[in-house]
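Report on one structure; see the data block that follows.
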Amino acid sequence: MMAELKCSVDNCTYNNDRLCCRGEIFVGGKNAGSEKDTCCESFQQRREGTSTNAVNPTGRISIDCQAVKCVYNTDCKCQAEHVDIRGCGACDCKETSCATFRER
């Protein structure tokens, strides 16, 4: 399933106008019990003087997910219709989170 992804991590190299240019992402948080325990493992900080990744952004994306306690996780794939990734000013993936996470 492809989720509609909105990303507010503006300083990620894959973020282009709140859409992801990566094609697929991986959400970490094997033992996550809340949003703050998750992260976008695919995050890569944009370096000074570099532009957004050249690949065209897309509104729908495949999401592999390690947060097995999330209601949207089925066999490590996100089944949510819409996913929000947050992490304003993140320098590391651990400073990002999946705002869509809901504990079973």
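In the structure tokens, chains take the letters A, B, ... in the order shown, each chain's residues start at 1, and ligands count up from 1 in the order shown.
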
Taking only residues of region 37-98 of chain A that have an atom at most 7 Å from an atom of region 3-8 of chain A, what is each one's shortest atom pair and its distance in Å to one decimal, using only C-alpha atoms, in chain and number order, as a tab-separated table?
residue	atom	partner	partner_atom	distance
A:Gly59	CA	A:Glu4	CA	5.4
A:Arg60	CA	A:Glu4	CA	4.4
A:Ile61	CA	A:Ala3	CA	5.4
A:Ser62	CA	A:Ala3	CA	6.4
A:Ala80	CA	A:Ala3	CA	6.2
A:Glu81	CA	A:Ala3	CA	5.0
A:His82	CA	A:Glu4	CA	4.6
A:Val83	CA	A:Leu5	CA	4.8
A:Asp84	CA	A:Lys6	CA	5.0
A:Ile85	CA	A:Cys7	CA	4.7
A:Arg86	CA	A:Ser8	CA	5.1
A:Gly87	CA	A:Ser8	CA	6.5
A:Cys88	CA	A:Ser8	CA	6.4

Keeping N, CA and C atoms for every residue in the selection just given, could you write it to a file as a compact mmCIF listing (two decimals), in the first residue's frame?
# COMPACT_ATOMS: atom_id res chain seq x y z
N GLY A 59 3.45 12.30 -3.87
CA GLY A 59 2.50 12.40 -2.77
C GLY A 59 2.18 11.05 -2.14
N ARG A 60 2.48 9.96 -2.85
CA ARG A 60 2.23 8.61 -2.32
C ARG A 60 3.55 7.87 -2.27
N ILE A 61 3.74 7.14 -1.18
CA ILE A 61 5.04 6.52 -0.94
C ILE A 61 4.86 5.20 -0.17
N SER A 62 5.76 4.27 -0.40
CA SER A 62 5.78 3.01 0.34
C SER A 62 6.53 3.23 1.65
N ALA A 80 -1.56 2.94 6.85
CA ALA A 80 -2.29 4.19 7.03
C ALA A 80 -2.52 4.84 5.67
N GLU A 81 -3.64 5.48 5.53
CA GLU A 81 -3.96 6.20 4.29
C GLU A 81 -3.12 7.47 4.17
N HIS A 82 -2.89 8.12 5.32
CA HIS A 82 -2.15 9.39 5.36
C HIS A 82 -1.12 9.33 6.49
N VAL A 83 0.12 9.74 6.22
CA VAL A 83 1.19 9.71 7.22
C VAL A 83 1.86 11.08 7.29
N ASP A 84 2.09 11.55 8.52
CA ASP A 84 2.81 12.80 8.76
C ASP A 84 4.12 12.50 9.46
N ILE A 85 5.22 12.97 8.88
CA ILE A 85 6.53 12.86 9.52
C ILE A 85 6.90 14.25 10.03
N ARG A 86 7.33 14.33 11.29
CA ARG A 86 7.68 15.61 11.91
C ARG A 86 9.12 15.60 12.38
N GLY A 87 9.67 16.81 12.54
CA GLY A 87 11.03 16.94 13.04
C GLY A 87 11.67 18.24 12.63
N CYS A 88 11.01 19.33 12.93
CA CYS A 88 11.50 20.66 12.56
C CYS A 88 12.92 20.89 13.08

- Message: From a backbone DSSP assignment, name each residue in chain A labelled strand (DSSP E), as a ChimeraX atom specification.
- Response: /A:2-7,15-16,19-20,24-28,39-40,60-65,73-74,77-78,82-86,97-98

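When CA of Thr74 (chain A) is paired with CA of Asp37 (chain A), their separation reads 18.3 Å.
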
- Message: Can you tell me which residues surround region 14-27 of chain A at a distance of at most 10 Å, considering only C-alpha atoms, apart from same-chain residues fewer than 3 positions away, and format the answer as a PyMOL selection string?
- Response: chain A and resi 2-11+30+38-46+51-67+76-78+84-85+93+96-98

Export of the given selection (N, CA and C atoms) as a compact mmCIF listing (two decimals), in the first residue's frame:
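The resulting part37.txt:
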# COMPACT_ATOMS: atom_id res chain seq x y z
N MET A 2 0.45 2.23 -0.71
CA MET A 2 1.17 3.49 -0.78
C MET A 2 0.39 4.51 0.05
N ALA A 3 1.07 5.13 1.00
CA ALA A 3 0.44 6.13 1.86
C ALA A 3 0.66 7.54 1.30
N GLU A 4 -0.27 8.42 1.59
CA GLU A 4 -0.07 9.83 1.28
C GLU A 4 0.83 10.38 2.39
N LEU A 5 2.01 10.84 2.02
CA LEU A 5 3.00 11.28 3.00
C LEU A 5 3.17 12.79 2.95
N LYS A 6 3.10 13.40 4.12
CA LYS A 6 3.43 14.81 4.28
C LYS A 6 4.58 14.87 5.27
N CYS A 7 5.63 15.60 4.91
CA CYS A 7 6.82 15.66 5.75
C CYS A 7 7.14 17.10 6.11
N SER A 8 7.23 17.38 7.40
CA SER A 8 7.57 18.73 7.85
C SER A 8 9.04 18.86 8.23
N VAL A 9 9.85 17.85 7.90
CA VAL A 9 11.28 17.89 8.18
C VAL A 9 11.96 18.62 7.01
N ASP A 10 11.83 19.95 7.02
CA ASP A 10 12.27 20.77 5.89
C ASP A 10 13.75 20.66 5.56
N ASN A 11 14.58 20.31 6.54
CA ASN A 11 16.01 20.23 6.28
C ASN A 11 16.49 18.83 5.91
N LYS A 30 11.02 0.00 17.03
CA LYS A 30 10.56 -1.36 17.31
C LYS A 30 9.74 -1.46 18.59
N THR A 38 9.23 6.91 17.80
CA THR A 38 9.42 6.55 16.40
C THR A 38 10.39 7.53 15.75
N CYS A 39 10.86 7.20 14.57
CA CYS A 39 11.71 8.12 13.80
C CYS A 39 11.71 7.72 12.33
N CYS A 40 12.05 8.67 11.49
CA CYS A 40 12.22 8.37 10.07
C CYS A 40 13.68 8.00 9.86
N GLU A 41 13.93 6.70 9.76
CA GLU A 41 15.30 6.20 9.59
C GLU A 41 15.90 6.64 8.26
N SER A 42 15.05 7.05 7.32
CA SER A 42 15.51 7.47 5.99
C SER A 42 15.97 8.92 5.96
N PHE A 43 15.78 9.65 7.07
CA PHE A 43 16.19 11.05 7.13
C PHE A 43 17.66 11.22 6.81
N GLN A 44 17.96 12.22 5.99
CA GLN A 44 19.35 12.59 5.71
C GLN A 44 19.40 14.11 5.69
N GLN A 45 20.19 14.67 6.59
CA GLN A 45 20.25 16.12 6.73
C GLN A 45 20.81 16.77 5.47
N ARG A 46 20.12 17.81 5.01
CA ARG A 46 20.58 18.58 3.86
C ARG A 46 21.79 19.41 4.31
N SER A 51 21.10 21.42 -2.73
CA SER A 51 19.67 21.58 -3.00
C SER A 51 18.94 20.30 -2.65
N THR A 52 17.64 20.35 -2.77
CA THR A 52 16.81 19.17 -2.54
C THR A 52 17.19 18.09 -3.54
N ASN A 53 17.05 16.84 -3.14
CA ASN A 53 17.33 15.71 -4.01
C ASN A 53 16.66 15.92 -5.38
N ALA A 54 17.33 15.58 -6.44
CA ALA A 54 16.87 15.87 -7.80
C ALA A 54 15.67 15.04 -8.25
N VAL A 55 15.40 13.93 -7.60
CA VAL A 55 14.28 13.07 -8.00
C VAL A 55 12.97 13.79 -7.73
N ASN A 56 12.00 13.62 -8.60
CA ASN A 56 10.71 14.28 -8.42
C ASN A 56 10.01 13.78 -7.16
N PRO A 57 9.45 14.71 -6.39
CA PRO A 57 8.73 14.30 -5.18
C PRO A 57 7.40 13.64 -5.56
N THR A 58 6.90 12.84 -4.65
CA THR A 58 5.63 12.17 -4.89
C THR A 58 4.75 12.29 -3.66
N GLY A 59 3.45 12.30 -3.87
CA GLY A 59 2.50 12.40 -2.77
C GLY A 59 2.18 11.05 -2.14
N ARG A 60 2.48 9.96 -2.85
CA ARG A 60 2.23 8.61 -2.32
C ARG A 60 3.55 7.87 -2.27
N ILE A 61 3.74 7.14 -1.18
CA ILE A 61 5.04 6.52 -0.94
C ILE A 61 4.86 5.20 -0.17
N SER A 62 5.76 4.27 -0.40
CA SER A 62 5.78 3.01 0.34
C SER A 62 6.53 3.23 1.65
N ILE A 63 5.96 2.74 2.75
CA ILE A 63 6.58 2.95 4.06
C ILE A 63 6.78 1.61 4.75
N ASP A 64 8.04 1.23 4.94
CA ASP A 64 8.38 0.08 5.76
C ASP A 64 8.42 0.58 7.20
N CYS A 65 7.87 -0.18 8.13
CA CYS A 65 7.74 0.31 9.49
C CYS A 65 8.10 -0.75 10.51
N GLN A 66 8.98 -0.36 11.42
CA GLN A 66 9.43 -1.25 12.49
C GLN A 66 8.56 -1.10 13.74
N ALA A 67 7.69 -0.10 13.79
CA ALA A 67 6.86 0.16 14.97
C ALA A 67 5.70 -0.83 15.01
N CYS A 76 5.12 -5.27 9.06
CA CYS A 76 6.18 -4.25 8.91
C CYS A 76 5.96 -3.32 7.71
N LYS A 77 4.73 -3.17 7.28
CA LYS A 77 4.35 -2.22 6.24
C LYS A 77 3.27 -1.31 6.81
N CYS A 78 3.39 -0.02 6.55
CA CYS A 78 2.40 0.93 7.03
C CYS A 78 1.15 0.85 6.15
N ASP A 84 2.09 11.55 8.52
CA ASP A 84 2.81 12.80 8.76
C ASP A 84 4.12 12.50 9.46
N ILE A 85 5.22 12.97 8.88
CA ILE A 85 6.53 12.86 9.52
C ILE A 85 6.90 14.25 10.03
N CYS A 93 18.18 11.43 12.59
CA CYS A 93 16.88 10.77 12.42
C CYS A 93 16.14 10.63 13.75
N THR A 96 13.36 13.04 14.52
CA THR A 96 12.15 13.00 13.69
C THR A 96 11.16 12.04 14.34
N SER A 97 9.90 12.08 13.90
CA SER A 97 8.91 11.14 14.42
C SER A 97 7.78 10.95 13.42
N CYS A 98 7.09 9.85 13.58
CA CYS A 98 5.90 9.57 12.78
C CYS A 98 4.69 10.03 13.61

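Restricting the calculation to only C-alpha atoms, the smallest distance between Asn73 (chain A) and any of A:Arg47, A:Glu103, A:Gly33, A:Asp92 is found for A:Glu103.
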
- Run DSSP on the backbone and give me the residues of region 2-97 of chain A it puts in helix (DSSP H, G or I), as an MDAnalysis selection string. chainID A and resid 35:37 93:95

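Interatomic distance, CA of Gln79 (chain A) to CA of Lys94 (chain A): 22.4 Å.
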